[in-house]
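Trainee: One structure, as structure tokens, below. Some questions next.
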Amino acid sequence: MLAEDLTALLGDSSRVLTAPAVVERLSKDFYWYSPVLRPALEGKRADVVVQPVSVQEVRDVLRYCYRHDVPVTARGAGTGNYGQAIPLCGGLVLDLSRMDRVAEITADGVAVCEPGVRLGVLETAAREQGWELRCYPSTIVKATVGGFLGGGSGGIGSVMHGGLRDFGTVRALEVVTMEEEPQVHLHEGEAVHEILHAWGTNGIITKIWLTLAPKVEWTQAAVAFDSFVEAFDFSERVACDAAWTKRLVTSFEWPIPQYFSPVKTICPEGKNMIFFMIATEQLGDFRLAAEKATGTVTYSGAYAGLKAQPLLSDYTWNHTTLWAIKHDEAYTYLQCGFDPARVREQMVLLRDRFGNEILFHMEFMKNGQGRVVPGAIPLVRFTTEERLSEMIRICRENGIFVANPHVNNVEDGGRYREDHVQLRAKRRYDPKGLLNPGKMPSFEPEGAELAGSR
Ligand SMILES: Cc1cc2nc3c(=O)[nH]c(=O)nc-3n(C[C@H](O)[C@H](O)[C@H](O)COP(=O)(O)OP(=O)(O)OC[C@H]3O[C@@H](n4cnc5c(N)ncnc54)[C@H](O)[C@@H]3O)c2cc1C
């Protein structure tokens with residue numbers, strides 16, 4: 001019934017998907033990174049997947065779903081890590097990947113696009129016009145702009161430009177509400193924070209204005225060190241010194257680099273590595289600085305866009321975890337923010353307490369106050385949920401921020417706004433609580449029974 005109604009609504013059965021294997025695939029994301037979420041979310045799936053191609057179709061589908069109390073879970077490319085795009089109550093997956101038009105890259109460096117545009121496509125289009133993305137996840141090739149705004153936070157480029165939330169990177173967005181008559185609202189400036197990282201619980205993003213950065217000619221480089229202390233010291237120096245123009249500064253302690261099978265030749269046995277993207281014009285000085293810091297440059301090469309081989313960003317941010325899991329399924333991860341003044345002491349404390357159950361993978365990020373701070377996506381050898389909770393507790397007791405990636409709701413994930421703007425927007429835009437239900441538990445719906453609940 002649901003599928004027939006939606007087909008009639010769209011007038012195109014090819015964009016209403018019901019084949020069980022397809023619905024199953026489009027109901028999943030990378031939740032399986034977490035051994036806690038894996039069993040909890042197994043078997044959760046939508047009843048049907050719909051692929052709108054216009055704002056009008058999004059409105060038509062939401063109007064229908066509101067009337068019939070059908071839950072709606074937005075989906076970009078499904079690369080989120082926390083089960084963000086997995087429907088907990090059945091209903092409909094709204095797959096936005098076909099809304100993939102880049103409307104414009106303005107002369108003053110703003111990309112205007114639809115939500116289903118792949119970040120890689122946008123980066124390539126921007127570079128052709130002298131611009132580039134300020135920051136992007138390591139999933140850039142697959143992930144969509146809408147999914148990044150809905151569920152991501154930052155990544156490559158954040159060491160220079162901060163996260164997605166900072167410095168007006170998301171200039172504006174347009175969002176469709178889940179009401180009897182769905183509305184289109186423009187959120188500009190500070191108002192974008194009502195929708196960012198809300199996991200599609202408070203509106204469907206249909207248009208985005210992203211601030212770009214002037215394009216830089218980049219060189220990728222890998223530098224090896226005998227000890228992780230030396231590697232971290234050098235990575236911190238490059239990351240925090242504004243004189244270096246950089247896009248990526250990722251350090252890995254051994255044995256993490258041994259999991260990067262395609263780039264083994266640039267990761268010598270037993271060495272702690274840093275992967276960089278550094279301005280090509282600074283390469284000479286960079287080499288000298290690396291050697292002075294007792295590093296060995298094992299690779300350097302001009303970055304020729306996302307088809308570059310090797311593409312070092314494929315081993316950084318949360319791709320590091322993927323390579324480790326491929327090697328050994330017992331690995332999982334945490335997302336940490338260290339105190340810049342205590343980071344060395346904090347790392348020693350974790351090593352003393354947990355030994356090699358935690359392996360250091362560090363990423364630097366400029367915070368909202370303009371200070372470059374050490375973050376980390378350490379690998380963790382999973383044994384039990386209790387042990388994982390203990391690690392998180394010890395981190396927090398010692399001043400290490402943890403955005404817990406083993407929870408399936410916005411509030412507990414570490415990026416919920418304390419001023420509750422996302423929750424307040426949900427009350428206005430989704431009064432029945434039909435958008436990605438269960439993912440914002442502090443929200444109380446107006447009393448609608450969810451149809452199609454499983
Ligand atoms: C290997 C790997 C590496 C990663 N690295 C990074 C990283 O470096 N930085 C980072 O921030 N993240 C990272 N992630 C997480 C993820 O890739 C990013 O968050 C990515 O931007 C998600 O994009 P997507 O299109 O796949 O979104 P999806 O997974 O499809 O969706 C993410 C969330 O946004 C919602 N959503 C999707 N589209 C819309 C829309 N139009 N309107 C409203 N809500 C919407 C969904 O409901 C879901 O809650 C990584 C994940 C993996 C698996």
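For the structure tokens, the naming scheme is as follows: chains receive sequential letters (A, B, ...) according to their order of presentation, residues are indexed from 1 within each chain, and ligands are indexed from 1 in presentation order.
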Listing only residues of chain A within 7 Å of ligand 1, what is the closest atom pair and its distance in Å (to one decimal) for each, using only C-alpha atoms and all ligand atoms, sorted by chain and residue number ascending, as a tab-separated table?

Mentor:
```
residue	atom	partner	partner_atom_place_in_ligand_line	distance
A:Asp29	CA	ligand 1	29 (O)	5.9
A:Phe30	CA	ligand 1	53 (C)	5.3
A:Thr73	CA	ligand 1	47 (O)	5.4
A:Ala74	CA	ligand 1	47 (O)	4.0
A:Arg75	CA	ligand 1	30 (O)	3.9
A:Gly76	CA	ligand 1	30 (O)	3.4
A:Ala77	CA	ligand 1	26 (O)	3.6
A:Gly78	CA	ligand 1	29 (O)	3.4
A:Thr79	CA	ligand 1	26 (O)	3.5
A:Gly80	CA	ligand 1	29 (O)	3.5
A:Asn81	CA	ligand 1	15 (C)	5.4
A:Gln84	CA	ligand 1	49 (O)	3.9
A:Ala85	CA	ligand 1	48 (C)	4.1
A:Leu96	CA	ligand 1	41 (N)	6.1
A:Pro115	CA	ligand 1	41 (N)	5.0
A:Gly116	CA	ligand 1	41 (N)	7.0
A:Tyr136	CA	ligand 1	9 (N)	6.5
A:Pro137	CA	ligand 1	8 (O)	3.3
A:Ser138	CA	ligand 1	8 (O)	4.4
A:Thr139	CA	ligand 1	3 (C)	5.0
A:Lys142	CA	ligand 1	26 (O)	6.8
A:Ala143	CA	ligand 1	25 (O)	3.9
A:Thr144	CA	ligand 1	25 (O)	3.6
A:Val145	CA	ligand 1	25 (O)	6.3
A:Gly146	CA	ligand 1	41 (N)	4.2
A:Gly147	CA	ligand 1	27 (O)	3.2
A:Phe148	CA	ligand 1	21 (O)	3.1
A:Leu149	CA	ligand 1	34 (O)	6.6
A:Gly150	CA	ligand 1	34 (O)	3.5
A:Gly151	CA	ligand 1	33 (C)	3.9
A:Gly152	CA	ligand 1	19 (O)	3.3
A:Ser153	CA	ligand 1	11 (O)	3.7
A:Gly154	CA	ligand 1	11 (O)	4.3
A:Gly155	CA	ligand 1	8 (O)	4.1
A:Ile156	CA	ligand 1	8 (O)	6.5
A:Trp199	CA	ligand 1	49 (O)	3.2
A:Gly200	CA	ligand 1	44 (N)	3.3
A:Gly203	CA	ligand 1	43 (C)	5.9
A:Ile204	CA	ligand 1	42 (N)	3.8
A:Ile205	CA	ligand 1	42 (N)	3.7
A:Thr206	CA	ligand 1	41 (N)	5.7
A:Trp317	CA	ligand 1	8 (O)	4.5
A:Asn318	CA	ligand 1	3 (C)	3.8
A:His319	CA	ligand 1	1 (C)	4.0
A:Leu322	CA	ligand 1	1 (C)	5.7
A:Asn436	CA	ligand 1	47 (O)	6.7
```

Trainee: Taking 2 positions as the minimum chain separation for residues in the same chain, which residues sit within 9 Å of Val55 of chain A when counting only C-alpha atoms? Answer as an NGL selection string.

Mentor: :A and (52-53 or 57-60 or 99 or 176 or 184 or 206-207)

Trainee: What gap, in Å, lies between atom CA of Asp314 of chain A and atom CA of Gln335 of chain A?

Mentor: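 Atom CA of Gln335 of chain A lies at a distance of 17.8 Å from atom CA of Asp314 of chain A.
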
Trainee: Residues of segment 221-310 of chain A that approach segment 357-376 of chain A to 6 Å or less, counting only C-alpha atoms: could you list each one with the shortest pair of atoms and its distance in Å to one decimal, rows by chain and increasing residue number, as CSV?

Mentor:
```
residue,atom,partner,partner_atom,distance
A:Cys240,CA,A:Val372,CA,5.6
A:Thr250,CA,A:Glu363,CA,5.0
A:Ser251,CA,A:Met362,CA,5.2
A:Phe252,CA,A:His361,CA,4.6
A:Glu253,CA,A:Phe360,CA,5.7
```

Trainee: May I have a table of the residues of segment 121-168 of chain A lying at most 9 Å from segment 208-221 of chain A, giving each one's closest pair of atoms and their distance in Å to one decimal, counting only C-alpha atoms, ordered by chain and ascending residue number, as a Markdown table?

Mentor:
```
| residue | atom | partner | partner_atom | distance |
| --- | --- | --- | --- | --- |
| A:Ala126 | CA | A:Leu212 | CA | 7.9 |
| A:Arg127 | CA | A:Lys215 | CA | 6.1 |
| A:Gln129 | CA | A:Lys215 | CA | 8.5 |
| A:Gly130 | CA | A:Lys215 | CA | 5.2 |
| A:Trp131 | CA | A:Lys215 | CA | 4.3 |
| A:Glu132 | CA | A:Lys215 | CA | 5.1 |
| A:Leu133 | CA | A:Leu212 | CA | 5.1 |
| A:Arg134 | CA | A:Ala213 | CA | 5.4 |
| A:Cys135 | CA | A:Leu212 | CA | 8.8 |
| A:Val145 | CA | A:Ile208 | CA | 8.0 |
| A:Gly146 | CA | A:Ile208 | CA | 7.8 |
| A:His161 | CA | A:Ala213 | CA | 8.6 |
| A:Gly168 | CA | A:Thr211 | CA | 7.1 |
```

Trainee: So that I can check the surroundings of Ala425 of chain A, please list as a compact mmCIF listing (two decimals) with N, CA and C atoms, in the first residue's frame every protein, DNA and RNA residue that reaches within 7 Å of it, counting only C-alpha atoms and ignoring chain neighbours fewer than 3 positions away.

Mentor:
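File produced: selection_26.txt:
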```
# COMPACT_ATOMS: atom_id res chain seq x y z
N GLU A 194 20.83 25.05 14.20
CA GLU A 194 19.61 24.34 14.60
C GLU A 194 19.48 23.01 13.85
N ASN A 202 15.25 16.80 12.46
CA ASN A 202 14.43 18.01 12.58
C ASN A 202 14.21 18.74 11.25
N VAL A 421 19.29 23.93 20.63
CA VAL A 421 18.67 24.51 19.43
C VAL A 421 18.17 23.44 18.47
N GLN A 422 18.88 22.28 18.44
CA GLN A 422 18.41 21.22 17.54
C GLN A 422 17.07 20.66 18.02
N ARG A 428 9.44 22.43 16.50
CA ARG A 428 8.72 23.28 15.52
C ARG A 428 8.47 22.54 14.21
N TYR A 429 9.51 21.80 13.76
CA TYR A 429 9.48 21.28 12.38
C TYR A 429 8.98 19.85 12.27
```

Trainee: Could you pull out the strand (DSSP E or B) residues of segment 123-372 of chain A, going by DSSP on the backbone, and write them as JSON, numbers by chain?

Mentor: {"A": [131, 132, 133, 136, 144, 156, 170, 171, 172, 173, 174, 175, 176, 184, 185, 186, 187, 188, 204, 205, 206, 207, 208, 209, 210, 211, 212, 213, 214, 218, 219, 220, 221, 222, 223, 224, 225, 246, 247, 248, 249, 250, 251, 252, 272, 273, 274, 275, 276, 277, 278, 279, 296, 297, 298, 299, 300, 301, 302, 331, 332, 333, 336, 337, 358, 359, 361, 362, 363, 364, 365, 366, 372]}

Trainee: So that I can see what lies close to Asn408 of chain A, please list as a list in words the residues with an atom at most 7 Å from it, counting only C-alpha atoms and leaving out residues fewer than 6 positions away in the same chain.

Mentor: Tyr82, Gly83, Gln84 and Lys439 of chain A

Trainee: Near segment 385-394 of chain A, counting only C-alpha atoms, which residues have an atom at most 7 Å away, once you skip same-chain residues fewer than 4 positions from it, shown as JSON, numbers by chain?

Mentor: {"A": [36, 398, 402]}

Trainee: Go ahead and write the selection's residues with all heavy atoms as a CSV table (one decimal), in the first residue's frame.

Mentor:
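Output file out-v2.csv is given in full below:
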```csv
chain,number,residue,atom,x,y,z
A,36,VAL,N,29.3,-2.3,19.9
A,36,VAL,CA,28.1,-2.1,20.8
A,36,VAL,C,26.9,-1.9,19.9
A,36,VAL,O,25.8,-2.5,20.2
A,36,VAL,CB,28.3,-0.9,21.7
A,36,VAL,CG1,27.1,-0.6,22.6
A,36,VAL,CG2,29.6,-1.1,22.6
A,398,ASN,N,40.1,12.4,33.3
A,398,ASN,CA,41.4,13.0,33.2
A,398,ASN,C,41.5,14.2,32.1
A,398,ASN,O,42.5,14.5,31.6
A,398,ASN,CB,42.5,11.9,32.8
A,398,ASN,CG,42.7,11.1,34.0
A,398,ASN,OD1,43.4,11.4,35.0
A,398,ASN,ND2,42.1,9.9,34.1
A,402,VAL,N,35.5,13.1,25.2
A,402,VAL,CA,35.2,11.9,24.3
A,402,VAL,C,33.8,12.2,23.7
A,402,VAL,O,32.8,12.4,24.4
A,402,VAL,CB,35.1,10.6,25.1
A,402,VAL,CG1,34.8,9.4,24.2
A,402,VAL,CG2,36.4,10.3,25.8
```
